[in-house]
Amino acid sequence: MRLNLTVNGERRQADGVWEGESLLYVLRERLGLPGSKNACEQGECGSCSVYLDGVLVCSCLVLAGQAEDSEVVTVEGIAEGDKMHPVQETFVETGGVQCGFCTPGLIVATHDLLGRNPRPTDAEIREALAGNLCRCTGYEKILDAVHLAAERMGAA
Ligand code: FES
Ligand code: FES
């Protein structure tokens, strides 16, 4: 089938999409956007998180056909042109990125959290990011990154 959707503000089309294919597969393999990661493909790890019509979803659990005519924003679309978004910058600066496999999902989930709650507490951050698993950082540096991003975004 042919899939039409908007990704990171651009109208995109993918041909030959199989009905059982995931949105994650389409983004990575058909549209050349490898930022969203495929770590579990079962909705368990959050590494494939994207916005679908403004709602945070695991793109591995969304059938490609469900995304027809929708608006998708991936980690690539969070950046402001060539400039990293404050959430992206602070993950790098605080050491919240180690192997980096979980990072794209955490960036999108943090962006979503700070859009709803500009100054979250540790507990609120932990709750909001509970669906994003990281095997490297022990999460402390991720908390630091989120707080620092909140500070910078508040100051902007
Ligand atoms: S790859 Fe989608 S939740 Fe893990
Ligand atoms: S940085 Fe390696 S899984 Fe999070």
# chains A, B, ... in the order shown; residues from 1 in each chain; ligands from 1
call {"tool": "residues_near_ligand", "arguments": {"ligand": "ligand 2", "cutoff": "6 Å", "atoms": "only C-alpha atoms and all ligand atoms", "output": "list in words"}}
result
Val97, Gln98, Cys99, Gly100, Phe101, Cys102, Cys134, Arg135, Cys136 and Thr137 of chain A
call {"tool": "residues_near_ligand", "arguments": {"ligand": "ligand 1", "cutoff": "9 Å", "atoms": "only C-alpha atoms and all ligand atoms", "output": "PyMOL selection string"}}
result
chain A and resi 24+36-49+57-61+105+131-133
call {"tool": "residues_around", "arguments": {"residues": "Val17 in chain A", "least_positions_apart": "5", "cutoff": "7 Å", "atoms": "only C-alpha atoms", "output": "VMD selection string"}}
result
chain A and resid 1 to 3
call {"tool": "atom_distance", "arguments": {"atom1": "CA of Gly77 in chain A", "atom2": "CA of Ala14 in chain A"}}
result
18.4 Å
call {"tool": "closest_residue", "arguments": {"among": "A:Gly95, A:Pro118, A:Gly81, A:Gly9", "to": "Asp53 in chain A", "atoms": "only C-alpha atoms"}}
result
A:Gly9
call {"tool": "closest_residue", "arguments": {"among": "A:Val7, A:Leu31, A:Ala130, A:Ala79", "to": "Val50 in chain A", "atoms": "only C-alpha atoms"}}
result
A:Val7
call {"tool": "select_by_dssp", "arguments": {"residues": "range 15-76 of chain A", "states": "alpha helix (DSSP H)", "output": "list in words"}}
result
Leu23, Leu24, Tyr25, Val75 and Glu76 of chain A
call {"tool": "select_by_dssp", "arguments": {"residues": "range 46-135 of chain A", "states": "strand (DSSP E or B)", "output": "list in words"}}
result
Ser49, Val50, Tyr51, Leu52, Val55, Leu56, Val57, Cys58, Leu63, Glu71, Val72, Val73, Glu80 and Lys83 of chain A
call {"tool": "write_last_selection", "arguments": {"atoms": "C-alpha atoms", "output": "PDB file, in the first residue's frame"}}
result
ATOM      1  CA  SER A  49       9.141   7.013  21.003  1.00  0.00           C
ATOM      2  CA  VAL A  50       7.740   9.622  18.604  1.00  0.00           C
ATOM      3  CA  TYR A  51       4.819  12.007  18.567  1.00  0.00           C
ATOM      4  CA  LEU A  52       1.818  10.836  16.553  1.00  0.00           C
ATOM      5  CA  VAL A  55       0.659  12.209  21.407  1.00  0.00           C
ATOM      6  CA  LEU A  56       3.736  10.337  22.616  1.00  0.00           C
ATOM      7  CA  VAL A  57       3.658   6.747  21.286  1.00  0.00           C
ATOM      8  CA  CYS A  58       5.942   3.770  20.856  1.00  0.00           C
ATOM      9  CA  LEU A  63       0.795  -0.034  12.445  1.00  0.00           C
ATOM     10  CA  GLU A  71       1.583  14.173  11.743  1.00  0.00           C
ATOM     11  CA  VAL A  72       4.649  12.456  13.119  1.00  0.00           C
ATOM     12  CA  VAL A  73       7.528  14.157  14.907  1.00  0.00           C
ATOM     13  CA  GLU A  80      15.587  23.580  15.664  1.00  0.00           C
ATOM     14  CA  LYS A  83      20.679  23.806  16.309  1.00  0.00           C
TER      15      LYS A  83
END
call {"tool": "residues_around", "arguments": {"residues": "His147 in chain A", "least_positions_apart": "5", "cutoff": "10 Å", "atoms": "only C-alpha atoms", "output": "NGL selection string"}}
result
:A and (87 or 90 or 114 or 118-122 or 125 or 141-142 or 152-153)
call {"tool": "closest_residue", "arguments": {"among": "A:Gly16, A:Val75, A:Thr94, A:Glu151", "to": "Pro34 in chain A", "atoms": "only C-alpha atoms"}}
result
A:Val75
call {"tool": "closest_residue", "arguments": {"among": "A:Leu113, A:Leu106, A:Leu33, A:Leu27", "to": "Tyr139 in chain A", "atoms": "only C-alpha atoms"}}
result
A:Leu106
call {"tool": "residues_around", "arguments": {"residues": "Ser70 in chain A", "least_positions_apart": "4", "cutoff": "10 Å", "atoms": "only C-alpha atoms", "output": "PyMOL selection string"}}
result
chain A and resi 4-7+11+52-54+65-66
